[in-house]
>>> print(open('run-v3.txt').read())   # compact mmCIF, N, CA and C atoms
# COMPACT_ATOMS: atom_id res chain seq x y z
N MET A 1 -38.36 23.11 -21.50
CA MET A 1 -37.48 22.02 -21.86
C MET A 1 -36.24 22.09 -20.96
N LYS A 2 -35.79 20.95 -20.52
CA LYS A 2 -34.64 20.89 -19.64
C LYS A 2 -33.46 20.25 -20.36
N ILE A 3 -32.31 20.79 -20.09
CA ILE A 3 -31.08 20.21 -20.61
C ILE A 3 -30.33 19.62 -19.43
N ARG A 4 -29.96 18.35 -19.55
CA ARG A 4 -29.24 17.68 -18.46
C ARG A 4 -27.78 17.54 -18.83
N ALA A 5 -26.96 17.62 -17.82
CA ALA A 5 -25.52 17.46 -18.04
C ALA A 5 -25.18 16.02 -18.39
N PHE A 6 -25.89 15.06 -17.80
CA PHE A 6 -25.64 13.66 -18.05
C PHE A 6 -26.85 13.05 -18.73
N PRO A 7 -26.66 12.25 -19.76
CA PRO A 7 -27.80 11.54 -20.33
C PRO A 7 -28.25 10.43 -19.38
N GLU A 8 -29.49 10.01 -19.53
CA GLU A 8 -30.00 8.91 -18.71
C GLU A 8 -29.85 7.62 -19.50
N THR A 9 -29.01 6.75 -19.05
CA THR A 9 -28.80 5.48 -19.72
C THR A 9 -28.71 4.38 -18.67
N ARG A 10 -29.30 3.25 -18.98
CA ARG A 10 -29.32 2.14 -18.03
C ARG A 10 -28.17 1.18 -18.27
N THR A 11 -27.58 1.23 -19.43
CA THR A 11 -26.50 0.29 -19.75
C THR A 11 -25.14 0.96 -19.58
N GLU A 12 -24.19 0.19 -19.11
CA GLU A 12 -22.83 0.70 -18.99
C GLU A 12 -22.20 0.74 -20.38
N PRO A 13 -21.26 1.66 -20.60
CA PRO A 13 -20.62 1.73 -21.92
C PRO A 13 -19.78 0.49 -22.18
N ARG A 14 -19.71 0.13 -23.44
CA ARG A 14 -18.91 -1.03 -23.81
C ARG A 14 -17.43 -0.68 -23.73
N LYS A 15 -16.67 -1.62 -23.25
CA LYS A 15 -15.25 -1.35 -23.06
C LYS A 15 -14.48 -1.42 -24.37
N ARG A 16 -15.09 -1.92 -25.42
CA ARG A 16 -14.38 -1.97 -26.70
C ARG A 16 -14.22 -0.58 -27.30
N LEU A 17 -14.93 0.40 -26.76
CA LEU A 17 -14.74 1.79 -27.17
C LEU A 17 -13.31 2.24 -26.86
N LEU A 18 -12.74 1.67 -25.82
CA LEU A 18 -11.38 2.03 -25.43
C LEU A 18 -10.31 1.46 -26.36
N LEU A 19 -10.71 0.56 -27.27
CA LEU A 19 -9.75 -0.03 -28.20
C LEU A 19 -9.46 0.87 -29.40
N ILE A 20 -10.26 1.89 -29.63
CA ILE A 20 -10.08 2.74 -30.80
C ILE A 20 -8.70 3.39 -30.82
N PRO A 21 -8.29 4.10 -29.75
CA PRO A 21 -6.96 4.71 -29.83
C PRO A 21 -5.82 3.70 -29.89
N ILE A 22 -6.00 2.54 -29.27
CA ILE A 22 -4.95 1.53 -29.31
C ILE A 22 -4.80 0.98 -30.72
N MET A 23 -5.92 0.74 -31.40
CA MET A 23 -5.86 0.25 -32.78
C MET A 23 -5.26 1.29 -33.71
N LEU A 24 -5.63 2.56 -33.52
CA LEU A 24 -5.05 3.62 -34.36
C LEU A 24 -3.55 3.73 -34.16
N THR A 25 -3.13 3.69 -32.91
CA THR A 25 -1.71 3.85 -32.62
C THR A 25 -0.88 2.70 -33.19
N PHE A 26 -1.27 1.48 -32.90
CA PHE A 26 -0.48 0.34 -33.38
C PHE A 26 -0.66 0.09 -34.88
N GLY A 27 -1.84 0.41 -35.42
CA GLY A 27 -2.03 0.30 -36.87
C GLY A 27 -1.16 1.28 -37.62
N GLY A 28 -1.08 2.50 -37.12
CA GLY A 28 -0.19 3.48 -37.74
C GLY A 28 1.26 3.11 -37.60
N TYR A 29 1.63 2.58 -36.44
CA TYR A 29 3.01 2.14 -36.22
C TYR A 29 3.38 1.01 -37.18
N PHE A 30 2.42 0.11 -37.44
CA PHE A 30 2.67 -0.99 -38.38
C PHE A 30 2.82 -0.46 -39.80
N LEU A 31 2.03 0.57 -40.16
CA LEU A 31 2.12 1.11 -41.51
C LEU A 31 3.47 1.79 -41.78
N THR A 32 4.12 2.26 -40.75
CA THR A 32 5.41 2.93 -40.97
C THR A 32 6.49 1.96 -41.45
N PHE A 33 6.31 0.67 -41.25
CA PHE A 33 7.30 -0.31 -41.67
C PHE A 33 6.96 -1.00 -42.98
N LEU A 34 5.76 -0.77 -43.54
CA LEU A 34 5.37 -1.47 -44.75
C LEU A 34 6.03 -0.91 -46.01
N HIS A 35 5.88 0.38 -46.22
CA HIS A 35 6.34 0.99 -47.44
C HIS A 35 6.76 2.42 -47.14
N PRO A 36 7.76 2.93 -47.83
CA PRO A 36 8.18 4.31 -47.54
C PRO A 36 7.08 5.35 -47.76
N TYR A 37 6.18 5.11 -48.72
CA TYR A 37 5.09 6.06 -48.96
C TYR A 37 4.02 6.00 -47.87
N LEU A 38 3.90 4.86 -47.23
CA LEU A 38 2.91 4.72 -46.16
C LEU A 38 3.44 5.19 -44.81
N MET A 39 4.73 5.56 -44.77
CA MET A 39 5.32 5.98 -43.51
C MET A 39 4.65 7.24 -42.96
N PHE A 40 4.37 8.21 -43.86
CA PHE A 40 3.73 9.45 -43.42
C PHE A 40 2.31 9.18 -42.92
N ILE A 41 1.56 8.37 -43.65
CA ILE A 41 0.19 8.04 -43.25
C ILE A 41 0.20 7.30 -41.91
N GLY A 42 1.16 6.41 -41.75
CA GLY A 42 1.27 5.68 -40.48
C GLY A 42 1.60 6.60 -39.32
N ALA A 43 2.48 7.56 -39.56
CA ALA A 43 2.83 8.50 -38.50
C ALA A 43 1.62 9.36 -38.13
N VAL A 44 0.83 9.78 -39.11
CA VAL A 44 -0.36 10.58 -38.83
C VAL A 44 -1.39 9.75 -38.06
N LEU A 45 -1.58 8.50 -38.46
CA LEU A 45 -2.52 7.63 -37.74
C LEU A 45 -2.07 7.38 -36.31
N SER A 46 -0.79 7.17 -36.12
CA SER A 46 -0.28 6.96 -34.76
C SER A 46 -0.49 8.20 -33.90
N LEU A 47 -0.22 9.35 -34.46
CA LEU A 47 -0.44 10.60 -33.72
C LEU A 47 -1.92 10.80 -33.41
N ALA A 48 -2.78 10.48 -34.37
CA ALA A 48 -4.22 10.59 -34.13
C ALA A 48 -4.66 9.62 -33.02
N GLY A 49 -4.07 8.43 -32.99
CA GLY A 49 -4.39 7.47 -31.93
C GLY A 49 -3.98 7.96 -30.57
N VAL A 50 -2.80 8.55 -30.49
CA VAL A 50 -2.32 9.06 -29.21
C VAL A 50 -3.19 10.22 -28.73
N LEU A 51 -3.55 11.11 -29.65
CA LEU A 51 -4.39 12.24 -29.27
C LEU A 51 -5.82 11.83 -28.94
N SER A 52 -6.30 10.77 -29.56
CA SER A 52 -7.68 10.34 -29.30
C SER A 52 -7.82 9.61 -27.96
N VAL A 53 -6.72 9.26 -27.32
CA VAL A 53 -6.79 8.63 -26.00
C VAL A 53 -7.56 9.53 -25.04
N PHE A 54 -7.29 10.81 -25.08
CA PHE A 54 -7.95 11.74 -24.17
C PHE A 54 -9.43 11.89 -24.51
N LEU A 55 -9.73 12.02 -25.80
CA LEU A 55 -11.11 12.20 -26.22
C LEU A 55 -11.95 10.97 -25.89
N VAL A 56 -11.46 9.80 -26.25
CA VAL A 56 -12.20 8.56 -25.99
C VAL A 56 -12.32 8.33 -24.48
N GLY A 57 -11.28 8.65 -23.74
CA GLY A 57 -11.35 8.50 -22.29
C GLY A 57 -12.40 9.40 -21.67
N MET A 58 -12.52 10.63 -22.15
CA MET A 58 -13.53 11.55 -21.61
C MET A 58 -14.94 11.09 -21.96
N VAL A 59 -15.14 10.61 -23.18
CA VAL A 59 -16.46 10.11 -23.58
C VAL A 59 -16.83 8.89 -22.75
N PHE A 60 -15.88 7.98 -22.57
CA PHE A 60 -16.15 6.78 -21.77
C PHE A 60 -16.48 7.15 -20.33
N ALA A 61 -15.72 8.09 -19.76
CA ALA A 61 -15.98 8.51 -18.38
C ALA A 61 -17.35 9.16 -18.25
N ASP A 62 -17.77 9.94 -19.23
CA ASP A 62 -19.07 10.58 -19.20
C ASP A 62 -20.19 9.54 -19.27
N LEU A 63 -20.05 8.58 -20.17
CA LEU A 63 -21.08 7.53 -20.29
C LEU A 63 -21.12 6.66 -19.03
N TRP A 64 -19.97 6.37 -18.46
CA TRP A 64 -19.93 5.55 -17.25
C TRP A 64 -20.59 6.29 -16.09
N ALA A 65 -20.30 7.59 -15.95
CA ALA A 65 -20.92 8.38 -14.88
C ALA A 65 -22.43 8.47 -15.07
N ALA A 66 -22.88 8.59 -16.30
CA ALA A 66 -24.32 8.66 -16.56
C ALA A 66 -25.01 7.35 -16.20
N SER A 67 -24.39 6.23 -16.52
CA SER A 67 -25.01 4.95 -16.18
C SER A 67 -25.03 4.74 -14.67
N ARG A 68 -23.95 5.14 -13.98
CA ARG A 68 -23.93 5.01 -12.52
C ARG A 68 -24.99 5.90 -11.87
N ARG A 69 -25.16 7.12 -12.37
CA ARG A 69 -26.15 8.04 -11.82
C ARG A 69 -27.56 7.50 -12.04
N THR A 70 -27.81 6.96 -13.22
CA THR A 70 -29.13 6.40 -13.51
C THR A 70 -29.40 5.20 -12.61
N LYS A 71 -28.40 4.36 -12.38
CA LYS A 71 -28.59 3.21 -11.50
C LYS A 71 -28.86 3.67 -10.06
N ASP A 72 -28.18 4.74 -9.62
CA ASP A 72 -28.44 5.27 -8.28
C ASP A 72 -29.86 5.81 -8.17
N ILE A 73 -30.34 6.46 -9.21
CA ILE A 73 -31.72 6.97 -9.21
C ILE A 73 -32.71 5.82 -9.14
N ILE A 74 -32.44 4.75 -9.89
CA ILE A 74 -33.33 3.58 -9.88
C ILE A 74 -33.33 2.92 -8.51
N LYS A 75 -32.16 2.81 -7.87
CA LYS A 75 -32.09 2.22 -6.53
C LYS A 75 -32.85 3.06 -5.52
N ALA A 76 -32.73 4.39 -5.63
CA ALA A 76 -33.46 5.27 -4.71
C ALA A 76 -34.96 5.15 -4.93
N ARG A 77 -35.37 5.01 -6.18
CA ARG A 77 -36.80 4.84 -6.49
C ARG A 77 -37.32 3.52 -5.93
N GLU A 78 -36.52 2.45 -6.06
CA GLU A 78 -36.94 1.15 -5.54
C GLU A 78 -36.98 1.16 -4.01
N ALA A 79 -36.09 1.92 -3.39
CA ALA A 79 -36.08 2.01 -1.92
C ALA A 79 -37.34 2.70 -1.41
N ARG A 80 -37.88 3.62 -2.20
CA ARG A 80 -39.13 4.29 -1.82
C ARG A 80 -40.35 3.44 -2.11
N GLY A 81 -40.18 2.39 -2.91
CA GLY A 81 -41.29 1.49 -3.21
C GLY A 81 -41.97 1.79 -4.52
N VAL A 82 -41.41 2.64 -5.34
CA VAL A 82 -41.99 2.95 -6.65
C VAL A 82 -41.42 1.96 -7.66
N PRO A 83 -42.29 1.24 -8.39
CA PRO A 83 -41.76 0.26 -9.35
C PRO A 83 -41.09 0.95 -10.53
N ASP A 84 -40.12 0.27 -11.10
CA ASP A 84 -39.39 0.79 -12.26
C ASP A 84 -40.16 0.39 -13.52
N THR A 85 -40.59 1.39 -14.30
CA THR A 85 -41.37 1.12 -15.50
C THR A 85 -40.49 0.96 -16.74
N GLY A 86 -39.25 1.35 -16.64
CA GLY A 86 -38.36 1.23 -17.79
C GLY A 86 -38.38 2.44 -18.69
N GLY A 87 -39.21 3.40 -18.42
CA GLY A 87 -39.30 4.61 -19.22
C GLY A 87 -38.34 5.68 -18.73
N PRO A 88 -38.55 6.90 -19.21
CA PRO A 88 -37.67 7.98 -18.74
C PRO A 88 -37.90 8.29 -17.27
N ILE A 89 -36.89 8.75 -16.61
CA ILE A 89 -36.95 9.04 -15.19
C ILE A 89 -37.53 10.43 -15.00
N GLU A 90 -38.70 10.50 -14.38
CA GLU A 90 -39.38 11.79 -14.22
C GLU A 90 -39.07 12.41 -12.86
N GLU A 91 -39.08 11.59 -11.82
CA GLU A 91 -38.79 12.10 -10.48
C GLU A 91 -37.30 11.89 -10.21
N ASP A 92 -36.63 12.96 -9.92
CA ASP A 92 -35.21 12.88 -9.67
C ASP A 92 -34.96 13.20 -8.21
N PRO A 93 -34.57 12.21 -7.38
CA PRO A 93 -34.35 12.49 -5.96
C PRO A 93 -33.07 13.29 -5.70
N PHE A 94 -32.22 13.38 -6.71
CA PHE A 94 -30.97 14.10 -6.55
C PHE A 94 -31.09 15.49 -7.17
N VAL A 95 -30.50 16.47 -6.54
CA VAL A 95 -30.52 17.82 -7.07
C VAL A 95 -29.35 17.96 -8.03
N ASP A 96 -29.67 18.28 -9.27
CA ASP A 96 -28.65 18.43 -10.29
C ASP A 96 -28.32 19.91 -10.44
N THR A 97 -27.13 20.28 -10.04
CA THR A 97 -26.74 21.69 -10.11
C THR A 97 -26.39 22.13 -11.52
N LEU A 98 -26.18 21.19 -12.42
CA LEU A 98 -25.81 21.53 -13.79
C LEU A 98 -27.01 21.55 -14.73
N GLU A 99 -28.21 21.37 -14.23
CA GLU A 99 -29.40 21.33 -15.06
C GLU A 99 -29.87 22.75 -15.36
N GLU A 100 -30.26 22.99 -16.61
CA GLU A 100 -30.70 24.31 -17.02
C GLU A 100 -32.11 24.21 -17.60
N ASP A 101 -32.89 25.27 -17.43
CA ASP A 101 -34.21 25.39 -18.05
C ASP A 101 -34.09 26.32 -19.25
N ILE A 102 -34.56 25.83 -20.41
CA ILE A 102 -34.52 26.65 -21.62
C ILE A 102 -35.95 26.80 -22.11
N GLU A 103 -36.31 28.02 -22.36
CA GLU A 103 -37.67 28.28 -22.85
C GLU A 103 -37.62 29.11 -24.10
>>> encode(input="run-v3.txt", output="C-alpha cells")
Amino acid sequence: MKIRAFPETRTEPRKRLLLIPIMLTFGGYFLTFLHPYLMFIGAVLSLAGVLSVFLVGMVFADLWAASRRTKDIIKAREARGVPDTGGPIEEDPFVDTLEEDIE
C-alpha cells in the first residue's frame, strides 16, 4: 500500500472555503456589540476566526496543489497519447519523493 503526500483530485477547491475565517471573525466582532453577555463569546469567535486563517489557508493550498499536480499528470498522459479514463492515476510520470511504501 502506498501513501501519497498529495491526494489525487481533478477539481480545484472551492473558494468559499476561504470565507470561514472571515465569517468567524466578523460574526464574533458583531456579537461583541449585541449584549454584554455575548461579548466574551464574540471575542472567542473572533480569535478563533483569526487563528483559523492559517489552518484554512494551508488546507486550501494543499488542495490546490493536489489539483494542479493531477492536471499536470493528465496533461503528460495525454501528450503520450494515453486516453484519460477518469479513474485513479496508475502511471505517474513524476517522481514523488514524499511517497512511502507501507507493508
>>> atom_distance(input="run-v3.txt", atom1="CA of Ser67 (chain A)", atom2="atom C of Arg14 (chain A)")
12.1 Å
>>> residues_around(input="run-v3.txt", residues="region 17-22 of chain A", least_positions_apart="5", cutoff="6 Å", atoms="all atoms listed in the file", output="PyMOL selection string")
chain A and resi 27+49-50+52-53
>>> atom_distance(input="run-v3.txt", atom1="CA of Ser46 (chain A)", atom2="atom C of Gly28 (chain A)")
5.0 Å
>>> atom_distance(input="run-v3.txt", atom1="atom C of Leu24 (chain A)", atom2="atom C of Gly57 (chain A)")
16.3 Å
>>> closest_residue(input="run-v3.txt", among="A:Thr25, A:Arg69, A:Phe30, A:Leu63", to="Ala48 (chain A)", atoms="all atoms listed in the file")
A:Thr25
>>> axis_aligned_box(input="run-v3.txt", around="region 44-54 of chain A", padding_each_side="6 Å", output="JSON")
{"center_x": -4.3, "center_y": 9.6, "center_z": -31.6, "size_x": 22.3, "size_y": 17.3, "size_z": 26.9}
>>> closest_residue(input="run-v3.txt", among="A:Tyr29, A:Arg16, A:Met58, A:Ala76", to="Val44 (chain A)", atoms="all atoms listed in the file")
A:Tyr29
